[in-house]
file model.pdb (PDB, C-alpha atoms and all ligand atoms)
ATOM      1  CA  MET A   1       0.000   0.000   0.000
ATOM      2  CA  THR A   2       1.333   3.511  -0.866
ATOM      3  CA  ALA A   3       2.028   5.674   2.224
ATOM      4  CA  LEU A   4      -0.056   8.838   2.472
ATOM      5  CA  PRO A   5       2.049  11.983   1.928
ATOM      6  CA  GLN A   6       2.972  13.814   5.151
ATOM      7  CA  PRO A   7       1.417  17.293   5.648
ATOM      8  CA  ARG A   8       3.723  20.219   4.830
ATOM      9  CA  PRO A   9       3.567  23.873   5.906
ATOM     10  CA  ALA A  10       3.323  26.600   3.267
ATOM     11  CA  SER A  11       6.653  27.969   4.528
ATOM     12  CA  ALA A  12       8.404  24.841   3.180
ATOM     13  CA  SER A  13       7.466  25.659  -0.410
ATOM     14  CA  LEU A  14       7.481  29.477  -0.282
ATOM     15  CA  THR A  15       9.275  30.633  -3.432
ATOM     16  CA  ILE A  16      10.921  34.021  -3.981
ATOM     17  CA  MET A  17      12.187  34.683  -7.510
ATOM     18  CA  THR A  18      14.072  37.866  -8.392
ATOM     19  CA  GLN A  19      14.648  39.291 -11.887
ATOM     20  CA  LEU A  20      15.908  42.534 -13.398
ATOM     21  CA  LEU A  21      13.646  44.142 -16.032
ATOM     22  CA  PHE A  22      15.746  44.573 -19.190
ATOM     23  CA  PRO A  23      14.613  46.316 -22.412
ATOM     24  CA  GLU A  24      13.823  42.929 -24.008
ATOM     25  CA  HIS A  25      11.184  42.372 -21.272
ATOM     26  CA  ALA A  26       9.393  45.648 -22.046
ATOM     27  CA  ASN A  27       6.555  46.760 -24.306
ATOM     28  CA  ALA A  28       6.524  49.739 -26.700
ATOM     29  CA  LEU A  29       5.863  52.091 -23.746
ATOM     30  CA  GLY A  30       9.044  51.031 -21.953
ATOM     31  CA  LYS A  31       7.094  49.238 -19.223
ATOM     32  CA  ALA A  32       7.067  45.521 -18.425
ATOM     33  CA  PHE A  33       5.433  43.359 -21.123
ATOM     34  CA  GLY A  34       2.500  41.578 -19.442
ATOM     35  CA  GLY A  35       3.257  38.249 -21.133
ATOM     36  CA  GLN A  36       6.782  38.254 -19.670
ATOM     37  CA  ILE A  37       5.468  38.892 -16.161
ATOM     38  CA  MET A  38       2.914  36.082 -16.617
ATOM     39  CA  ALA A  39       5.687  33.683 -17.720
ATOM     40  CA  TRP A  40       7.766  34.558 -14.627
ATOM     41  CA  ALA A  41       4.673  34.220 -12.410
ATOM     42  CA  ASP A  42       3.930  30.791 -13.916
ATOM     43  CA  MET A  43       7.562  29.781 -13.264
ATOM     44  CA  ALA A  44       7.535  30.948  -9.624
ATOM     45  CA  GLY A  45       4.136  29.308  -9.001
ATOM     46  CA  GLY A  46       5.259  26.111 -10.701
ATOM     47  CA  ILE A  47       8.419  25.856  -8.574
ATOM     48  CA  CYS A  48       6.335  26.477  -5.431
ATOM     49  CA  SER A  49       3.864  23.720  -6.393
ATOM     50  CA  MET A  50       6.703  21.286  -7.190
ATOM     51  CA  ARG A  51       8.310  22.012  -3.813
ATOM     52  CA  HIS A  52       5.023  21.336  -2.012
ATOM     53  CA  SER A  53       4.104  18.215  -3.969
ATOM     54  CA  GLY A  54       7.622  16.777  -4.245
ATOM     55  CA  GLY A  55       7.635  16.261  -8.002
ATOM     56  CA  THR A  56       6.460  17.440 -11.390
ATOM     57  CA  THR A  57       3.362  19.634 -11.767
ATOM     58  CA  VAL A  58       1.513  21.227 -14.680
ATOM     59  CA  THR A  59      -0.411  24.478 -14.799
ATOM     60  CA  ALA A  60      -4.138  23.720 -15.017
ATOM     61  CA  ALA A  61      -5.677  27.171 -14.590
ATOM     62  CA  LEU A  62      -4.803  30.816 -14.138
ATOM     63  CA  ASP A  63      -7.400  33.175 -12.729
ATOM     64  CA  ASP A  64      -7.721  36.460 -10.872
ATOM     65  CA  LEU A  65      -4.614  37.943 -12.501
ATOM     66  CA  GLN A  66      -4.626  41.707 -12.012
ATOM     67  CA  PHE A  67      -1.957  44.097 -13.319
ATOM     68  CA  GLU A  68      -2.198  46.821 -10.663
ATOM     69  CA  ASN A  69       0.854  48.979 -11.403
ATOM     70  CA  PRO A  70       3.508  49.185 -14.157
ATOM     71  CA  ILE A  71       7.152  48.115 -13.857
ATOM     72  CA  ASN A  72       9.912  50.203 -15.453
ATOM     73  CA  ILE A  73      13.018  49.083 -17.312
ATOM     74  CA  GLY A  74      15.815  48.851 -14.716
ATOM     75  CA  ASP A  75      13.476  47.939 -11.838
ATOM     76  CA  THR A  76      14.042  44.781  -9.823
ATOM     77  CA  VAL A  77      11.093  42.370 -10.071
ATOM     78  CA  VAL A  78      10.366  40.173  -7.037
ATOM     79  CA  LEU A  79       7.859  37.309  -7.354
ATOM     80  CA  GLU A  80       6.521  35.618  -4.216
ATOM     81  CA  ALA A  81       4.640  32.309  -4.608
ATOM     82  CA  ARG A  82       2.820  30.582  -1.749
ATOM     83  CA  VAL A  83       0.485  27.589  -1.554
ATOM     84  CA  ASN A  84      -2.932  28.823  -0.393
ATOM     85  CA  GLY A  85      -4.875  25.589  -0.472
ATOM     86  CA  VAL A  86      -4.411  21.929  -1.321
ATOM     87  CA  PHE A  87      -7.077  19.642  -2.757
ATOM     88  CA  ARG A  88      -6.561  15.992  -3.869
ATOM     89  CA  THR A  89      -4.104  16.208  -6.767
ATOM     90  CA  SER A  90      -4.260  19.985  -7.312
ATOM     91  CA  MET A  91      -3.124  23.089  -5.412
ATOM     92  CA  GLU A  92      -3.977  26.786  -5.524
ATOM     93  CA  VAL A  93      -0.850  28.972  -5.496
ATOM     94  CA  GLU A  94      -0.920  32.742  -4.993
ATOM     95  CA  VAL A  95       1.751  34.699  -6.859
ATOM     96  CA  LEU A  96       2.378  38.335  -5.949
ATOM     97  CA  VAL A  97       4.734  40.458  -8.042
ATOM     98  CA  PHE A  98       6.513  43.514  -6.638
ATOM     99  CA  ALA A  99       8.788  46.053  -8.316
ATOM    100  CA  GLU A 100      11.690  47.740  -6.568
ATOM    101  CA  ASN A 101      13.552  50.855  -7.627
ATOM    102  CA  PRO A 102      17.213  49.944  -7.009
ATOM    103  CA  ALA A 103      18.220  53.597  -6.483
ATOM    104  CA  THR A 104      15.573  54.583  -3.928
ATOM    105  CA  GLY A 105      14.618  51.202  -2.477
ATOM    106  CA  ALA A 106      10.943  52.048  -3.102
ATOM    107  CA  ARG A 107       8.838  48.893  -3.512
ATOM    108  CA  TRP A 108       5.303  48.570  -4.859
ATOM    109  CA  ARG A 109       2.905  45.742  -5.687
ATOM    110  CA  CYS A 110       2.287  45.209  -9.401
ATOM    111  CA  VAL A 111       0.434  41.916  -9.816
ATOM    112  CA  GLU A 112      -1.805  39.636  -7.803
ATOM    113  CA  SER A 113      -2.656  36.236  -9.275
ATOM    114  CA  ARG A 114      -3.849  32.760  -8.371
ATOM    115  CA  MET A 115      -3.027  29.614 -10.287
ATOM    116  CA  THR A 116      -3.985  25.963 -10.039
ATOM    117  CA  PHE A 117      -1.268  23.342 -10.500
ATOM    118  CA  VAL A 118      -1.832  19.591 -10.798
ATOM    119  CA  ALA A 119       0.798  17.105  -9.587
ATOM    120  CA  ILE A 120       1.706  14.523 -12.229
ATOM    121  CA  ASP A 121       3.281  11.075 -11.783
ATOM    122  CA  GLY A 122       5.731   9.280 -14.044
ATOM    123  CA  GLN A 123       2.897   8.142 -16.326
ATOM    124  CA  GLY A 124       1.578  11.704 -16.710
ATOM    125  CA  LEU A 125      -1.425  10.998 -14.473
ATOM    126  CA  PRO A 126      -2.573  13.209 -11.571
ATOM    127  CA  ARG A 127      -1.098  12.075  -8.219
ATOM    128  CA  ALA A 128      -2.119  12.874  -4.631
ATOM    129  CA  VAL A 129      -0.365  15.834  -2.995
ATOM    130  CA  PRO A 130       0.548  16.262   0.697
ATOM    131  CA  PRO A 131      -2.016  18.106   2.842
ATOM    132  CA  LEU A 132      -1.168  21.637   3.943
ATOM    133  CA  VAL A 133      -0.399  22.300   7.618
ATOM    134  CA  LEU A 134      -2.850  24.976   8.793
ATOM    135  CA  ALA A 135      -1.030  26.302  11.851
ATOM    136  CA  THR A 136      -2.222  29.919  12.005
ATOM    137  CA  PRO A 137      -5.518  31.785  11.501
ATOM    138  CA  ASP A 138      -4.000  33.232   8.306
ATOM    139  CA  ASP A 139      -3.226  29.711   6.992
ATOM    140  CA  GLN A 140      -6.817  28.668   7.754
ATOM    141  CA  ARG A 141      -8.320  31.787   6.108
ATOM    142  CA  ARG A 142      -6.243  31.292   2.953
ATOM    143  CA  SER A 143      -7.242  27.631   2.755
ATOM    144  CA  ASP A 144     -10.955  28.374   3.297
ATOM    145  CA  GLU A 145     -10.869  31.066   0.591
ATOM    146  CA  ALA A 146      -8.986  28.742  -1.789
ATOM    147  CA  HIS A 147     -11.631  26.036  -1.311
ATOM    148  CA  ALA A 148     -14.422  28.555  -2.037
ATOM    149  CA  ARG A 149     -12.634  29.765  -5.199
ATOM    150  CA  ARG A 150     -12.041  26.166  -6.302
ATOM    151  CA  ALA A 151     -15.783  25.446  -6.074
ATOM    152  CA  GLU A 152     -16.455  28.485  -8.312
ATOM    153  CA  ARG A 153     -13.643  27.492 -10.698
ATOM    154  CA  LEU A 154     -14.927  23.947 -11.137
ATOM    155  CA  ALA A 155     -18.517  25.195 -11.550
ATOM    156  CA  ARG A 156     -17.304  27.525 -14.335
ATOM    157  CA  ARG A 157     -15.445  24.607 -15.926
ATOM    158  CA  ARG A 158     -18.613  22.440 -15.855
ATOM    159  CA  ARG A 159     -20.628  25.274 -17.493
TER     160      ARG A 159
HETATM  161  C1  LIG A 201      -4.486  19.576 -15.772
HETATM  162  C2  LIG A 201      -4.740  18.160 -16.281
HETATM  163  C3  LIG A 201      -3.573  17.250 -15.877
HETATM  164  C4  LIG A 201      -6.003  17.634 -15.618
HETATM  165  O1  LIG A 201      -6.236  16.362 -16.147
HETATM  166  P1  LIG A 201      -7.687  15.678 -16.028
HETATM  167  O2  LIG A 201      -7.708  14.491 -16.872
HETATM  168  O3  LIG A 201      -8.754  16.731 -16.178
HETATM  169  O4  LIG A 201      -7.604  15.143 -14.561
HETATM  170  P2  LIG A 201      -8.702  15.185 -13.447
HETATM  171  O5  LIG A 201     -10.079  15.410 -13.984
HETATM  172  O6  LIG A 201      -8.457  13.940 -12.620
HETATM  173  O7  LIG A 201      -8.291  16.457 -12.603
HETATM  174  C5  LIG A 201      -7.122  16.444 -11.800
HETATM  175  C6  LIG A 201      -7.209  17.622 -10.865
HETATM  176  O8  LIG A 201      -7.070  18.810 -11.629
HETATM  177  C7  LIG A 201      -8.129  19.711 -11.314
HETATM  178  N1  LIG A 201      -8.402  20.500 -12.510
HETATM  179  C8  LIG A 201      -8.418  20.069 -13.781
HETATM  180  N2  LIG A 201      -8.702  21.104 -14.592
HETATM  181  C9  LIG A 201      -8.844  22.190 -13.809
HETATM  182  C10 LIG A 201      -9.135  23.569 -14.068
HETATM  183  N3  LIG A 201      -9.350  24.022 -15.294
HETATM  184  N4  LIG A 201      -9.204  24.413 -13.019
HETATM  185  C11 LIG A 201      -8.973  23.969 -11.761
HETATM  186  N5  LIG A 201      -8.686  22.665 -11.451
HETATM  187  C12 LIG A 201      -8.637  21.801 -12.469
HETATM  188  C13 LIG A 201      -9.282  18.791 -10.939
HETATM  189  O9  LIG A 201     -10.240  19.475 -10.164
HETATM  190  C14 LIG A 201      -8.534  17.739 -10.135
HETATM  191  O10 LIG A 201      -8.250  18.266  -8.846
HETATM  192  P3  LIG A 201      -8.279  17.366  -7.494
HETATM  193  O11 LIG A 201      -7.657  16.047  -7.808
HETATM  194  O12 LIG A 201      -7.445  18.158  -6.544
HETATM  195  O13 LIG A 201      -9.708  17.247  -7.081
HETATM  196  C15 LIG A 201      -4.936  18.117 -17.835
HETATM  197  O14 LIG A 201      -6.084  18.850 -18.192
HETATM  198  C16 LIG A 201      -3.740  18.663 -18.571
HETATM  199  O15 LIG A 201      -2.723  17.980 -18.737
HETATM  200  N6  LIG A 201      -3.840  19.925 -19.055
HETATM  201  C17 LIG A 201      -2.749  20.545 -19.780
HETATM  202  C18 LIG A 201      -1.709  21.122 -18.808
HETATM  203  C19 LIG A 201      -0.683  21.954 -19.530
HETATM  204  O16 LIG A 201      -0.268  21.614 -20.627
HETATM  205  N7  LIG A 201      -0.252  23.067 -18.888
HETATM  206  C20 LIG A 201       0.653  24.009 -19.470
HETATM  207  C21 LIG A 201       2.080  23.572 -19.399
HETATM  208  S1  LIG A 201       2.639  23.158 -17.756
END

call {"tool": "encode", "arguments": {"input": "model.pdb", "output": "structure tokens"}}
result
Amino acid sequence: MTALPQPRPASASLTIMTQLLFPEHANALGKAFGGQIMAWADMAGGICSMRHSGGTTVTAALDDLQFENPINIGDTVVLEARVNGVFRTSMEVEVLVFAENPATGARWRCVESRMTFVAIDGQGLPRAVPPLVLATPDDQRRSDEAHARRAERLARRRR
């Protein structure tokens, strides 16, 4: 019989990814190209989900992505990915993106997004993921909200 995966805290898979915004990452206005930021967010979220699940994952869904503020060429881009909620073979990961001005140290939030990743086994089939340790009221709130969003997400998918 396969052993059930041991619960893991969100802190164990927290992923911080840092980039520098070069001209090739920008749009015609000299601000960050949205597609580039989405690719980095997918990468940070994917690494976070692989750390939590202990293996390969694929991106199943991306929702609630909001571009709140622009990022300038030369800014430092910091992506923070955290597991909000865990289901059977899938996980909701929140990815926040911040920009930092290296000269002034000013930091502002640019993107909020939530993505669903599915853990995949060697045959390419979904596999069970470890439960999430819910140690604090914040952990519990995030998990409750992730479960509510998942119900909406799956209802949309059925429609
Ligand atoms: C994601 C994928 C593996 C799901 O496969 P599937 O045959 O639908 O598998 P299941 O129906 O058993 O679903 C597996 C899990 O994914 C979840 N899921 C599937 N599609 C979803 C969606 N659109 N939104 C949210 N969750 C989704 C299911 O709810 C289930 O979660 P649970 O086990 O935690 O309850 C499959 O659709 C796929 O491979 N998609 C392409 C992924 C891809 O190429 N991504 C980009 C590159 S990484």

call {"tool": "residues_near_ligand", "arguments": {"input": "model.pdb", "ligand": "ligand LIG 201 (chain A)", "cutoff": "8 Å", "atoms": "only C-alpha atoms and all ligand atoms", "output": "PyMOL selection string"}}
result
chain A and resi 57-62+86-91+116-120+124-128+150+153-154+157

call {"tool": "closest_residue", "arguments": {"input": "model.pdb", "among": "A:Ala81, A:Ala151, A:Met17, A:Ala146", "to": "A:Ser49", "atoms": "all atoms listed in the file"}}
result
A:Ala81

call {"tool": "residues_around", "arguments": {"input": "model.pdb", "residues": "stretch 107-110 of chain A", "least_positions_apart": "5", "cutoff": "6 Å", "atoms": "all atoms listed in the file", "output": "PyMOL selection string"}}
result
chain A and resi 67-69+97-100

call {"tool": "residues_around", "arguments": {"input": "model.pdb", "residues": "A:Arg114", "least_positions_apart": "4", "cutoff": "7 Å", "atoms": "only C-alpha atoms", "output": "PyMOL selection string"}}
result
chain A and resi 62-65+92-95

call {"tool": "atom_distance", "arguments": {"input": "model.pdb", "atom1": "atom CA of A:Cys48", "atom2": "atom CA of A:Phe33"}}
result
23.1 Å

call {"tool": "build_atoms", "arguments": {"input": "model.pdb", "residues": "stretch 85-96 of chain A", "atoms": "all heavy atoms", "output": "PDB file, in the coordinates of the input"}}
result
ATOM      1  N   GLY A  85      -3.973  26.684  -0.804  1.00  0.00           N
ATOM      2  CA  GLY A  85      -4.875  25.589  -0.472  1.00  0.00           C
ATOM      3  C   GLY A  85      -4.514  24.362  -1.284  1.00  0.00           C
ATOM      4  O   GLY A  85      -4.006  24.466  -2.409  1.00  0.00           O
ATOM      5  N   VAL A  86      -4.749  23.199  -0.678  1.00  0.00           N
ATOM      6  CA  VAL A  86      -4.411  21.929  -1.321  1.00  0.00           C
ATOM      7  C   VAL A  86      -5.676  21.098  -1.414  1.00  0.00           C
ATOM      8  O   VAL A  86      -6.463  21.042  -0.466  1.00  0.00           O
ATOM      9  CB  VAL A  86      -3.327  21.225  -0.466  1.00  0.00           C
ATOM     10  CG1 VAL A  86      -3.198  19.778  -0.854  1.00  0.00           C
ATOM     11  CG2 VAL A  86      -2.007  21.940  -0.617  1.00  0.00           C
ATOM     12  N   PHE A  87      -5.882  20.459  -2.560  1.00  0.00           N
ATOM     13  CA  PHE A  87      -7.077  19.642  -2.757  1.00  0.00           C
ATOM     14  C   PHE A  87      -6.609  18.174  -2.838  1.00  0.00           C
ATOM     15  O   PHE A  87      -5.832  17.771  -1.982  1.00  0.00           O
ATOM     16  CB  PHE A  87      -7.853  20.166  -3.962  1.00  0.00           C
ATOM     17  CG  PHE A  87      -7.953  21.685  -3.927  1.00  0.00           C
ATOM     18  CD1 PHE A  87      -7.332  22.492  -4.874  1.00  0.00           C
ATOM     19  CD2 PHE A  87      -8.608  22.315  -2.869  1.00  0.00           C
ATOM     20  CE1 PHE A  87      -7.387  23.870  -4.807  1.00  0.00           C
ATOM     21  CE2 PHE A  87      -8.664  23.705  -2.789  1.00  0.00           C
ATOM     22  CZ  PHE A  87      -8.056  24.480  -3.768  1.00  0.00           C
ATOM     23  N   ARG A  88      -7.032  17.385  -3.842  1.00  0.00           N
ATOM     24  CA  ARG A  88      -6.561  15.992  -3.869  1.00  0.00           C
ATOM     25  C   ARG A  88      -5.258  15.873  -4.665  1.00  0.00           C
ATOM     26  O   ARG A  88      -4.235  15.512  -4.123  1.00  0.00           O
ATOM     27  CB  ARG A  88      -7.645  15.070  -4.452  1.00  0.00           C
ATOM     28  CG  ARG A  88      -7.387  13.603  -4.164  1.00  0.00           C
ATOM     29  CD  ARG A  88      -8.449  12.721  -4.768  1.00  0.00           C
ATOM     30  NE  ARG A  88      -8.354  12.685  -6.233  1.00  0.00           N
ATOM     31  CZ  ARG A  88      -7.489  11.935  -6.918  1.00  0.00           C
ATOM     32  NH1 ARG A  88      -6.655  11.159  -6.289  1.00  0.00           N
ATOM     33  NH2 ARG A  88      -7.461  11.965  -8.248  1.00  0.00           N
ATOM     34  N   THR A  89      -5.329  16.242  -5.946  1.00  0.00           N
ATOM     35  CA  THR A  89      -4.104  16.208  -6.767  1.00  0.00           C
ATOM     36  C   THR A  89      -3.708  17.622  -7.217  1.00  0.00           C
ATOM     37  O   THR A  89      -2.717  17.783  -7.910  1.00  0.00           O
ATOM     38  CB  THR A  89      -4.313  15.344  -8.034  1.00  0.00           C
ATOM     39  OG1 THR A  89      -5.294  15.976  -8.886  1.00  0.00           O
ATOM     40  CG2 THR A  89      -4.780  13.942  -7.672  1.00  0.00           C
ATOM     41  N   SER A  90      -4.506  18.615  -6.848  1.00  0.00           N
ATOM     42  CA  SER A  90      -4.260  19.985  -7.312  1.00  0.00           C
ATOM     43  C   SER A  90      -4.034  20.923  -6.124  1.00  0.00           C
ATOM     44  O   SER A  90      -4.405  20.614  -4.988  1.00  0.00           O
ATOM     45  CB  SER A  90      -5.425  20.472  -8.177  1.00  0.00           C
ATOM     46  OG  SER A  90      -6.615  20.535  -7.431  1.00  0.00           O
ATOM     47  N   MET A  91      -3.441  22.079  -6.427  1.00  0.00           N
ATOM     48  CA  MET A  91      -3.124  23.089  -5.412  1.00  0.00           C
ATOM     49  C   MET A  91      -3.413  24.470  -5.970  1.00  0.00           C
ATOM     50  O   MET A  91      -3.155  24.704  -7.153  1.00  0.00           O
ATOM     51  CB  MET A  91      -1.604  23.090  -5.101  1.00  0.00           C
ATOM     52  CG  MET A  91      -1.036  21.841  -4.554  1.00  0.00           C
ATOM     53  SD  MET A  91       0.691  21.623  -5.121  1.00  0.00           S
ATOM     54  CE  MET A  91       0.410  20.759  -6.663  1.00  0.00           C
ATOM     55  N   GLU A  92      -3.886  25.383  -5.127  1.00  0.00           N
ATOM     56  CA  GLU A  92      -3.977  26.786  -5.524  1.00  0.00           C
ATOM     57  C   GLU A  92      -2.755  27.510  -4.976  1.00  0.00           C
ATOM     58  O   GLU A  92      -2.467  27.445  -3.780  1.00  0.00           O
ATOM     59  CB  GLU A  92      -5.243  27.457  -4.986  1.00  0.00           C
ATOM     60  CG  GLU A  92      -5.348  28.901  -5.490  1.00  0.00           C
ATOM     61  CD  GLU A  92      -6.382  29.733  -4.775  1.00  0.00           C
ATOM     62  OE1 GLU A  92      -7.542  29.736  -5.203  1.00  0.00           O
ATOM     63  OE2 GLU A  92      -6.010  30.420  -3.784  1.00  0.00           O
ATOM     64  N   VAL A  93      -2.041  28.201  -5.873  1.00  0.00           N
ATOM     65  CA  VAL A  93      -0.850  28.972  -5.496  1.00  0.00           C
ATOM     66  C   VAL A  93      -1.114  30.442  -5.787  1.00  0.00           C
ATOM     67  O   VAL A  93      -1.578  30.800  -6.873  1.00  0.00           O
ATOM     68  CB  VAL A  93       0.392  28.489  -6.280  1.00  0.00           C
ATOM     69  CG1 VAL A  93       1.606  29.361  -5.970  1.00  0.00           C
ATOM     70  CG2 VAL A  93       0.686  27.025  -5.959  1.00  0.00           C
ATOM     71  N   GLU A  94      -0.825  31.291  -4.797  1.00  0.00           N
ATOM     72  CA  GLU A  94      -0.920  32.742  -4.993  1.00  0.00           C
ATOM     73  C   GLU A  94       0.454  33.252  -5.404  1.00  0.00           C
ATOM     74  O   GLU A  94       1.457  32.891  -4.776  1.00  0.00           O
ATOM     75  CB  GLU A  94      -1.343  33.409  -3.685  1.00  0.00           C
ATOM     76  CG  GLU A  94      -1.380  34.930  -3.763  1.00  0.00           C
ATOM     77  CD  GLU A  94      -1.727  35.525  -2.417  1.00  0.00           C
ATOM     78  OE1 GLU A  94      -0.808  35.677  -1.578  1.00  0.00           O
ATOM     79  OE2 GLU A  94      -2.903  35.820  -2.192  1.00  0.00           O
ATOM     80  N   VAL A  95       0.493  34.071  -6.460  1.00  0.00           N
ATOM     81  CA  VAL A  95       1.751  34.699  -6.859  1.00  0.00           C
ATOM     82  C   VAL A  95       1.568  36.213  -6.826  1.00  0.00           C
ATOM     83  O   VAL A  95       0.690  36.751  -7.512  1.00  0.00           O
ATOM     84  CB  VAL A  95       2.215  34.259  -8.264  1.00  0.00           C
ATOM     85  CG1 VAL A  95       3.577  34.876  -8.584  1.00  0.00           C
ATOM     86  CG2 VAL A  95       2.298  32.735  -8.359  1.00  0.00           C
ATOM     87  N   LEU A  96       2.361  36.868  -6.001  1.00  0.00           N
ATOM     88  CA  LEU A  96       2.378  38.335  -5.949  1.00  0.00           C
ATOM     89  C   LEU A  96       3.662  38.813  -6.611  1.00  0.00           C
ATOM     90  O   LEU A  96       4.719  38.189  -6.442  1.00  0.00           O
ATOM     91  CB  LEU A  96       2.331  38.830  -4.503  1.00  0.00           C
ATOM     92  CG  LEU A  96       1.136  38.374  -3.662  1.00  0.00           C
ATOM     93  CD1 LEU A  96       1.249  38.922  -2.235  1.00  0.00           C
ATOM     94  CD2 LEU A  96      -0.177  38.811  -4.298  1.00  0.00           C
TER      95      LEU A  96
END
